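K.L.:
As input, take upload-v5.cif (mmCIF, C-alpha atoms):
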data_my_file
loop_
_atom_site.label_atom_id
_atom_site.label_comp_id
_atom_site.auth_asym_id
_atom_site.auth_seq_id
_atom_site.Cartn_x
_atom_site.Cartn_y
_atom_site.Cartn_z
CA MET A 75 -22.33 12.01 3.95
CA LYS A 76 -22.67 8.42 5.19
CA ILE A 77 -19.68 6.33 4.08
CA LEU A 78 -18.74 2.63 4.30
CA LEU A 79 -15.14 1.50 3.74
CA VAL A 80 -14.77 -2.27 3.29
CA GLY A 81 -11.46 -4.12 3.60
CA GLU A 82 -8.07 -2.96 4.84
CA TYR A 83 -4.49 -2.63 3.61
CA SER A 84 -1.92 -1.10 5.95
CA SER A 85 -4.45 1.16 7.71
CA LEU A 86 -5.40 2.99 4.51
CA HIS A 87 -9.13 2.84 5.18
CA TRP A 88 -8.82 3.56 8.90
CA ASN A 89 -6.66 6.64 8.26
CA LEU A 90 -9.09 7.79 5.56
CA ALA A 91 -12.01 7.29 7.94
CA GLN A 92 -10.34 9.51 10.53
CA GLY A 93 -9.87 12.25 7.95
CA LEU A 94 -13.47 11.99 6.78
CA ARG A 95 -14.76 12.12 10.34
CA SER A 96 -12.71 15.24 10.97
CA LEU A 97 -14.56 16.81 8.05
CA GLY A 98 -17.92 15.97 9.62
CA HIS A 99 -18.92 12.75 7.87
CA SER A 100 -20.26 9.47 9.27
CA VAL A 101 -17.87 6.60 8.45
CA THR A 102 -17.94 2.85 9.12
CA VAL A 103 -14.92 0.63 8.48
CA ALA A 104 -15.59 -3.08 8.00
CA SER A 105 -12.48 -5.26 7.68
CA ASP A 106 -10.37 -8.10 9.01
CA GLY A 107 -7.74 -5.64 10.26
CA ASP A 108 -5.33 -6.72 7.48
CA GLY A 109 -4.54 -10.03 9.12
CA PHE A 110 -1.82 -10.14 11.77
CA LYS A 111 -1.40 -6.34 11.60
CA ASN A 112 -4.76 -6.04 13.36
CA TYR A 113 -5.65 -2.48 12.37
CA PRO A 114 -8.74 -0.90 14.02
CA ARG A 115 -12.19 -1.35 12.47
CA ASP A 116 -15.84 -0.83 13.40
CA ILE A 117 -17.12 -4.14 12.02
CA ASP A 118 -14.83 -7.15 12.38
CA PHE A 119 -14.49 -9.65 9.51
CA ALA A 120 -11.40 -11.34 10.99
CA LEU A 121 -10.26 -14.68 9.62
CA ASN A 122 -8.12 -16.17 12.38
CA GLY A 123 -6.53 -19.00 10.45
CA ASN A 124 -7.12 -21.07 7.30
CA GLY A 125 -9.08 -23.90 8.87
CA ILE A 126 -12.65 -24.58 7.82
CA GLY A 127 -13.92 -23.60 11.26
CA ASN A 128 -12.29 -20.17 11.04
CA LYS A 129 -13.69 -19.63 7.56
CA ILE A 130 -17.18 -20.54 8.74
CA ARG A 131 -16.89 -18.07 11.63
CA CYS A 132 -15.68 -15.34 9.27
CA PHE A 133 -18.51 -16.02 6.82
CA SER A 134 -20.97 -16.02 9.71
CA SER A 135 -19.67 -12.62 10.86
CA ILE A 136 -20.12 -11.15 7.38
CA PHE A 137 -23.61 -12.64 7.05
CA LYS A 138 -24.73 -11.40 10.47
CA ASN A 139 -23.59 -7.87 9.62
CA LEU A 140 -25.26 -7.58 6.20
CA ASN A 141 -27.90 -5.18 7.52
CA LYS A 142 -25.12 -2.87 8.69
CA LEU A 143 -23.71 -2.71 5.14
CA LYS A 144 -26.58 -0.91 3.45
CA GLY A 145 -28.05 2.57 3.29
CA PHE A 146 -24.76 4.41 2.60
CA ASP A 147 -24.18 7.30 0.23
CA VAL A 148 -20.74 5.92 -0.67
CA VAL A 149 -19.18 2.48 -0.34
CA GLN A 150 -15.54 1.83 -1.18
CA ILE A 151 -13.92 -1.61 -1.38
CA ILE A 152 -10.18 -1.96 -0.85
CA ASN A 153 -9.65 -4.45 -3.72
CA PRO A 154 -11.77 -6.88 -5.77
CA CYS A 155 -10.89 -9.37 -3.01
CA PHE A 156 -12.00 -7.21 -0.11
CA THR A 157 -12.72 -10.03 2.35
CA ARG A 158 -10.64 -13.17 2.89
CA ILE A 159 -13.53 -15.46 1.95
CA HIS A 160 -12.70 -14.84 -1.68
CA ARG A 161 -15.53 -16.82 -3.25
CA ILE A 162 -18.17 -14.55 -1.73
CA ASN A 163 -16.60 -11.22 -2.69
CA ILE A 164 -18.44 -10.81 -6.00
CA HIS A 165 -21.76 -11.69 -4.35
CA LEU A 166 -21.11 -9.27 -1.51
CA TYR A 167 -20.14 -6.58 -4.05
CA ARG A 168 -23.45 -7.07 -5.87
CA TYR A 169 -25.26 -6.79 -2.54
CA LEU A 170 -23.44 -3.53 -1.82
CA ARG A 171 -24.43 -2.22 -5.28
CA ARG A 172 -28.10 -3.03 -4.69
CA HIS A 173 -28.36 -1.53 -1.23
CA ASN A 174 -26.22 1.63 -1.44
CA LYS A 175 -26.09 4.72 -3.66
CA LYS A 176 -22.54 4.56 -5.03
CA VAL A 177 -19.79 1.92 -4.90
CA PHE A 178 -16.13 2.65 -5.70
CA LEU A 179 -13.23 0.30 -6.34
CA GLY A 180 -9.86 0.86 -4.72
CA ALA A 181 -6.83 0.06 -6.88
CA PHE A 182 -4.74 -0.32 -3.76
CA GLY A 183 -2.90 -3.60 -4.32
CA ASP A 184 -2.28 -6.51 -6.66
CA ASP A 185 -5.22 -7.33 -8.90
CA TYR A 186 -5.95 -8.61 -12.41
CA PHE A 187 -5.23 -5.32 -14.20
CA TYR A 188 -1.92 -4.79 -12.39
CA VAL A 189 -0.69 -8.35 -12.99
CA LYS A 190 -1.81 -8.18 -16.63
CA MET A 191 0.09 -4.94 -17.20
CA CYS A 192 3.24 -6.33 -15.60
CA LEU A 193 3.13 -9.55 -17.64
CA GLU A 194 2.71 -7.56 -20.84
CA ASN A 195 5.89 -5.71 -19.83
CA ARG A 196 4.47 -2.29 -20.67
CA LYS A 197 4.37 1.11 -18.97
CA LEU A 198 6.84 0.15 -16.20
CA ARG A 199 10.61 -0.06 -16.65
CA TYR A 200 10.70 -2.66 -13.89
CA SER A 201 8.35 -4.63 -11.68
CA GLU A 202 8.44 -7.88 -9.75
CA PHE A 203 7.83 -9.59 -13.15
CA PHE A 204 10.37 -7.84 -15.39
CA ILE A 205 13.52 -5.79 -14.83
CA LYS A 206 14.50 -3.78 -17.92
CA GLY A 207 12.70 -6.25 -20.20
CA ILE A 208 14.23 -9.34 -18.64
CA PRO A 209 11.77 -11.75 -16.95
CA HIS A 210 12.22 -12.00 -13.21
CA ASP A 211 11.23 -15.49 -12.11
CA MET A 212 9.91 -15.75 -8.57
CA LYS A 213 7.51 -18.17 -6.94
CA SER A 214 5.35 -15.24 -5.86
CA ASN A 215 4.90 -14.29 -9.53
CA GLU A 216 3.45 -17.71 -10.26
CA ASP A 217 1.14 -17.32 -7.28
CA LEU A 218 -0.06 -13.93 -8.54
CA LYS A 219 -0.62 -15.26 -12.07
CA TYR A 220 -2.61 -18.19 -10.71
CA ALA A 221 -4.65 -15.95 -8.42
CA TRP A 222 -5.57 -13.27 -10.95
CA LEU A 223 -5.29 -14.74 -14.45
CA ASN A 224 -6.41 -18.34 -14.11
CA SER A 225 -9.25 -18.12 -11.61
CA TYR A 226 -12.65 -16.57 -10.94
CA ARG A 227 -10.90 -13.42 -9.65
CA ARG A 228 -10.14 -12.20 -13.18
CA LYS A 229 -13.81 -12.22 -14.18
CA ASP A 230 -14.84 -10.71 -10.83
CA ASN A 231 -12.29 -7.89 -11.14
CA ILE A 232 -13.50 -7.01 -14.65
CA GLU A 233 -17.16 -7.02 -13.57
CA ILE A 234 -16.41 -4.74 -10.63
CA ALA A 235 -14.28 -2.35 -12.70
CA ASN A 236 -17.00 -2.14 -15.38
CA SER A 237 -19.93 -1.62 -13.03
CA CYS A 238 -18.53 0.47 -10.16
CA ASP A 239 -19.03 4.24 -10.01
CA GLY A 240 -15.33 5.06 -10.04
CA ILE A 241 -11.82 3.71 -9.44
CA ILE A 242 -9.26 5.29 -7.12
CA ALA A 243 -5.57 4.36 -7.39
CA CYS A 244 -3.21 5.13 -4.51
CA LEU A 245 0.11 4.52 -6.31
CA TYR A 246 1.44 5.43 -9.75
CA GLU A 247 1.81 1.77 -10.76
CA TYR A 248 -1.82 0.98 -9.95
CA TYR A 249 -3.01 4.11 -11.73
CA VAL A 250 -1.34 3.20 -15.03
CA ALA A 251 -2.65 -0.37 -14.77
CA TYR A 252 -6.22 0.95 -15.14
CA GLU A 253 -5.47 4.02 -17.26
CA ASP A 254 -5.95 2.61 -20.77
CA GLU A 255 -9.34 1.00 -20.20
CA TYR A 256 -10.92 3.13 -17.46
CA LYS A 257 -9.47 6.63 -17.67
CA ALA A 258 -12.94 8.24 -17.71
CA LYS A 259 -13.78 6.83 -14.25
CA LEU A 260 -10.24 6.71 -12.78
CA THR A 261 -8.34 9.06 -10.49
CA TYR A 262 -5.18 9.05 -8.43
CA ILE A 263 -5.41 10.10 -4.78
CA PRO A 264 -2.38 9.88 -2.43
CA LEU A 265 -2.35 7.57 0.55
CA PRO A 266 -3.76 9.12 3.77
CA MET A 267 -1.47 9.55 6.78
CA ASN A 268 -2.84 10.76 10.13
CA LEU A 269 -0.08 13.16 11.10
CA GLU A 270 -1.88 14.01 14.34
CA GLU A 271 -0.84 10.55 15.56
CA ILE A 272 2.71 10.56 14.16
CA GLU A 273 5.38 12.54 15.97
CA GLY A 274 7.79 14.15 13.52
CA ASN A 275 10.98 13.60 15.51
CA GLU A 276 13.25 14.70 12.66
CA ILE A 277 16.96 13.87 12.83
CA THR A 278 18.72 17.09 13.76
CA GLU A 279 22.31 15.88 14.15
CA THR A 280 24.53 13.68 12.03
CA PRO A 281 24.53 10.21 13.66
CA SER A 282 27.86 8.56 14.44
CA THR A 283 26.28 5.12 13.90
CA ILE A 284 23.59 4.89 11.23
CA LYS A 285 20.78 2.52 12.18
CA PHE A 286 19.21 0.85 9.14
CA PHE A 287 15.70 -0.55 9.61
CA ILE A 288 14.19 -3.29 7.44
CA GLY A 289 10.77 -4.82 8.06
CA ILE A 290 10.12 -8.20 6.48
CA ASN A 291 6.70 -9.73 5.91
CA LYS A 292 7.46 -13.42 5.41
CA ASP A 293 4.35 -13.87 3.26
CA ARG A 294 5.38 -11.10 0.84
CA GLN A 295 9.18 -11.07 1.07
CA GLU A 296 9.76 -11.80 -2.62
CA THR A 297 7.02 -9.51 -3.90
CA LYS A 298 8.36 -6.53 -1.97
CA GLY A 299 11.99 -7.30 -2.78
CA SER A 300 12.99 -7.62 0.87
CA ASP A 301 15.51 -10.28 -0.10
CA LEU A 302 17.35 -7.84 -2.40
CA LEU A 303 17.23 -5.05 0.16
CA PHE A 304 18.55 -7.22 2.97
CA GLU A 305 21.37 -8.66 0.86
CA ALA A 306 22.47 -5.16 -0.16
CA LEU A 307 22.22 -3.99 3.44
CA ARG A 308 24.44 -6.81 4.69
CA ASN A 309 26.98 -6.07 1.95
CA VAL A 310 27.28 -2.44 2.99
CA THR A 311 27.20 -2.90 6.76
CA SER A 312 29.95 -5.51 6.52
CA LYS A 313 32.07 -2.88 4.75
CA TYR A 314 31.30 -0.22 7.40
CA PRO A 315 30.78 -2.25 10.60
CA ASP A 316 31.77 0.59 12.95
CA GLN A 317 29.40 3.08 11.36
CA THR A 318 26.26 0.97 10.85
CA GLU A 319 23.70 -1.16 12.65
CA ILE A 320 20.82 -3.27 11.32
CA ILE A 321 17.37 -3.38 12.92
CA LYS A 322 15.52 -6.31 11.33
CA VAL A 323 11.82 -6.87 12.06
CA GLU A 324 9.80 -9.83 10.80
CA SER A 325 5.99 -10.07 10.62
CA VAL A 326 5.07 -8.29 13.86
CA PRO A 327 1.86 -6.42 14.77
CA TYR A 328 1.75 -2.79 13.67
CA SER A 329 2.13 -1.34 17.18
CA GLU A 330 5.35 -3.27 17.76
CA TYR A 331 6.60 -2.41 14.27
CA VAL A 332 6.26 1.31 15.02
CA LYS A 333 8.14 1.05 18.31
CA LEU A 334 11.09 -0.63 16.60
CA LEU A 335 11.01 1.85 13.71
CA ASN A 336 11.37 4.82 16.07
CA ASP A 337 14.96 3.98 16.96
CA SER A 338 16.26 4.00 13.36
CA HIS A 339 17.69 6.57 10.95
CA VAL A 340 17.24 4.91 7.55
CA VAL A 341 14.31 2.70 6.49
CA LEU A 342 14.43 0.23 3.61
CA ASP A 343 10.96 -0.51 2.27
CA GLN A 344 10.19 -1.81 -1.25
CA ALA A 345 12.44 -2.68 -4.17
CA TYR A 346 10.00 -2.87 -7.10
CA SER A 347 7.74 0.10 -6.43
CA TYR A 348 7.59 3.48 -8.15
CA SER A 349 5.89 5.06 -5.14
CA PRO A 350 6.16 4.78 -1.35
CA ALA A 351 3.40 2.77 0.32
CA MET A 352 2.06 3.20 3.86
CA ASN A 353 5.13 1.90 5.69
CA GLY A 354 7.38 4.13 3.62
CA LEU A 355 5.22 7.18 4.29
CA LEU A 356 5.20 6.37 8.00
CA ALA A 357 9.00 6.41 7.91
CA LEU A 358 9.05 9.78 6.14
CA ALA A 359 6.49 11.23 8.54
CA LYS A 360 8.69 10.17 11.44
CA GLY A 361 11.67 11.94 9.92
CA LYS A 362 13.46 8.81 8.74
CA ILE A 363 15.43 8.55 5.50
CA LEU A 364 13.46 6.35 3.11
CA VAL A 365 15.12 3.97 0.66
CA SER A 366 12.33 2.78 -1.64
CA GLY A 367 10.46 3.65 -4.81
CA GLY A 368 10.37 7.37 -5.53
CA GLU A 369 10.33 7.70 -9.31
CA SER A 370 9.75 10.92 -11.23
CA GLU A 371 6.38 9.59 -12.46
CA MET A 372 5.13 9.49 -8.89
CA TYR A 373 6.23 13.05 -8.17
CA ARG A 374 4.48 14.21 -11.36
CA LEU A 375 1.19 12.68 -10.20
CA LEU A 376 1.63 14.45 -6.87
CA GLY A 377 2.45 17.72 -8.60
CA GLU A 378 5.70 17.97 -6.61
CA THR A 379 8.62 19.54 -8.52
CA GLN A 380 10.95 20.68 -5.74
CA ASN A 381 10.93 18.42 -2.68
CA GLN A 382 11.91 14.87 -3.69
CA PRO A 383 13.60 13.33 -0.63
CA ILE A 384 13.08 9.59 -1.21
CA ILE A 385 16.25 7.69 -2.10
CA ASN A 386 14.93 6.01 -5.23
CA ILE A 387 16.29 2.56 -6.03
CA GLU A 388 16.27 0.11 -8.91
CA PRO A 389 15.74 -3.55 -7.99
CA THR A 390 19.29 -4.86 -8.17
CA VAL A 391 21.60 -5.63 -5.26
CA ALA A 392 24.42 -3.63 -6.87
CA SER A 393 22.27 -0.52 -7.32
CA ILE A 394 20.85 -0.67 -3.80
CA SER A 395 24.28 -1.30 -2.29
CA SER A 396 25.71 1.73 -4.07
CA LEU A 397 22.95 4.02 -2.77
CA LEU A 398 23.25 2.70 0.78
CA GLU A 399 26.99 3.30 0.72
CA ALA A 400 26.34 6.86 -0.49
CA ILE A 401 24.17 7.46 2.58
CA ILE A 402 27.05 6.44 4.84
CA VAL A 403 29.66 8.45 2.96
CA ASN A 404 27.41 11.53 2.90
CA LYS A 405 25.78 11.08 6.29
CA ASN A 406 26.02 14.83 6.97
CA GLU A 407 23.02 15.14 4.57
CA ILE A 408 20.80 13.02 6.82
CA PRO A 409 19.32 15.90 8.90
CA SER A 410 18.23 17.97 5.88
CA ARG A 411 16.78 14.95 4.11
CA SER A 412 14.95 14.00 7.30
CA ALA A 413 13.17 17.37 7.43
CA SER A 414 12.35 17.21 3.72
CA GLY A 415 10.71 13.80 4.12
CA ARG A 416 8.36 15.02 6.84
CA LYS A 417 7.44 18.05 4.73
CA LEU A 418 6.59 15.86 1.72
CA VAL A 419 4.06 13.93 3.81
CA GLU A 420 2.61 17.11 5.32
CA ASP A 421 2.17 18.68 1.89
CA HIS A 422 0.61 15.74 0.05
CA PHE A 423 -0.44 12.87 2.33
CA SER A 424 -2.23 14.50 5.28
CA HIS A 425 -5.33 12.39 5.97
CA ILE A 426 -7.58 15.44 6.04
CA LYS A 427 -6.28 16.81 2.72
CA VAL A 428 -6.58 13.35 1.18
CA ALA A 429 -10.09 12.85 2.61
CA GLN A 430 -11.23 16.04 0.87
CA GLN A 431 -9.89 14.71 -2.43
CA TYR A 432 -11.95 11.55 -1.94
CA LEU A 433 -15.07 13.57 -1.17
CA ASP A 434 -14.57 15.66 -4.32
CA PHE A 435 -14.18 12.56 -6.48
CA TRP A 436 -17.08 10.65 -4.93
CA SER A 437 -19.36 13.66 -5.34
CA ASN A 438 -18.48 14.20 -8.98
#
What is this structure when it is put down as structure tokens?
P.N.:
Amino acid sequence: MKILLVGEYSSLHWNLAQGLRSLGHSVTVASDGDGFKNYPRDIDFALNGNGIGNKIRCFSSIFKNLNKLKGFDVVQIINPCFTRIHRINIHLYRYLRRHNKKVFLGAFGDDYFYVKMCLENRKLRYSEFFIKGIPHDMKSNEDLKYAWLNSYRRKDNIEIANSCDGIIACLYEYYVAYEDEYKAKLTYIPLPMNLEEIEGNEITETPSTIKFFIGINKDRQETKGSDLLFEALRNVTSKYPDQTEIIKVESVPYSEYVKLLNDSHVVLDQAYSYSPAMNGLLALAKGKILVSGGESEMYRLLGETQNQPIINIEPTVASISSLLEAIIVNKNEIPSRSASGRKLVEDHFSHIKVAQQYLDFWSN
């Protein structure tokens, strides 16, 4: 099968491409590398800044590569906004529809249907918009509402969802956002992790000093709840200064991020999620203890009833602080939880297993 993956979030498409290639398929990844993270790709749509000159160069790169974007059996776009020149996305999508056999939409990030569901305060007990029915006012929420509800992106998202050949969600929260209107063409497939490139390195002994790792993307700090996580972390480490250490990383390239992650024991990822995203899965695959979203709904989608190693949090400083303190008090449990985390990724998120699930869905 000849496959084109367009756009990138946290190496999802590159990892998937590696799995598909291992299964004997021809795959091209066209993306901007997810901005500063600079993930690998075969066709580069990089936008190196917001100036008009950079946008012209990015548009020129897309235009010059149009002939390389046709003749595929399957095309998948990462999001309705799959390039950073947002105004052209719907036109490029229509081009992809005309010149390829099948086109699929990835529900892999914020979009109109996710924002709409959150604002209606349904299906989720909490999100970045509401916590237990109480509105959660953040500037990033206003930005998301403006981007997806009051602009051309809403109409574009609906057109793509209606006309594409299928929709794949990678997290529980994105799955339920599309479930009511598109269940007949919707599936959930776990995120792909290339375990051949990730050394397990499980924690085999109880650490005397627990190293807590938190990565902060300045552009998405509010949306991911990094502010809540960091406040809770400071509260707990100030109470146990001799037993804890903080490793804080801000907006660094992926390769540097991984190097800094390796030296930690516990990783704090997202406060509002029901499911671990790519950074959380990387932590689990490396044998780290993950503090993030790991709700029962996510495990049900995975079909996992026994091994549930993620330390699941609710988005309040008090709740997070309590769970972090429990890690310190019960640090003798760290080695067993470390091994369980790696096993969860091996069982459900292996890029080759996940690639086969994509092939089955695309074919059907």
K.L.:
Just give me the gap between CA of Leu260 (chain A) and CA of Tyr200 (chain A) in Å, one decimal is fine.
P.N.:
23.0 Å
K.L.:
Using all atoms listed in the file, determine which residues lie at most 10 Å from Asn231 (chain A), disregarding the query and same-chain residues fewer than 6 positions distant; provide the list as a short mmCIF file (atom, residue, chain, number, x, y, z; two decimals) with C-alpha atoms, keeping the file's coordinate frame.
P.N.:
data_model
loop_
_atom_site.label_atom_id
_atom_site.label_comp_id
_atom_site.auth_asym_id
_atom_site.auth_seq_id
_atom_site.Cartn_x
_atom_site.Cartn_y
_atom_site.Cartn_z
CA ASN A 153 -9.65 -4.45 -3.72
CA PRO A 154 -11.77 -6.88 -5.77
CA CYS A 155 -10.89 -9.37 -3.01
CA ILE A 164 -18.44 -10.81 -6.00
CA LEU A 179 -13.23 0.30 -6.34
CA ASP A 185 -5.22 -7.33 -8.90
CA TYR A 186 -5.95 -8.61 -12.41
CA PHE A 187 -5.23 -5.32 -14.20
CA TRP A 222 -5.57 -13.27 -10.95
#
K.L.:
Hey, what's within 12 Å of Val310 (chain A) if we count only C-alpha atoms and toss same-chain stuff fewer than 3 positions away? As a ChimeraX atom specification, please?
P.N.:
/A:284,286,303-307,313-320,391-403
K.L.:
Any idea what's packed within 8 Å of Gly145 (chain A), counting all atoms listed in the file, ignoring anything in its chain fewer than 2 positions away? Could you give it as a PyMOL selection string?
P.N.:
chain A and resi 143+147+173-175
K.L.:
Could you check the closest approach to Lys427 (chain A) for each of A:Leu269, A:Glu247, A:Asp118, A:Val148 and tell me which residue wins, using only C-alpha atoms?
P.N.:
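Going through A:Leu269, A:Glu247, A:Asp118, A:Val148 one by one, the smallest distance to Lys427 (chain A) is for A:Leu269.
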K.L.:
Can you pull out the residues contacting Ser300 (chain A)? Cut-off 9 Å, using all atoms listed in the file, and skip same-chain residues under 5 positions away; I want them as a PyMOL selection string.
P.N.:
chain A and resi 288-291+294-295+305+342-345
K.L.:
For a test of reading the model, state the distance in Å between CA of Tyr346 (chain A) and CA of Ser366 (chain A), rounded to one decimal.
P.N.:
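Spanning CA of Tyr346 (chain A) to CA of Ser366 (chain A) is a straight-line distance of 8.2 Å.
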K.L.:
Taking the file as shown, what set of residues would the PyMOL selection byres ((chain A and resi 206) around 12) give back, as a PyMOL selection string?
P.N.:
chain A and resi 192+195-205+207-210+346+388-390
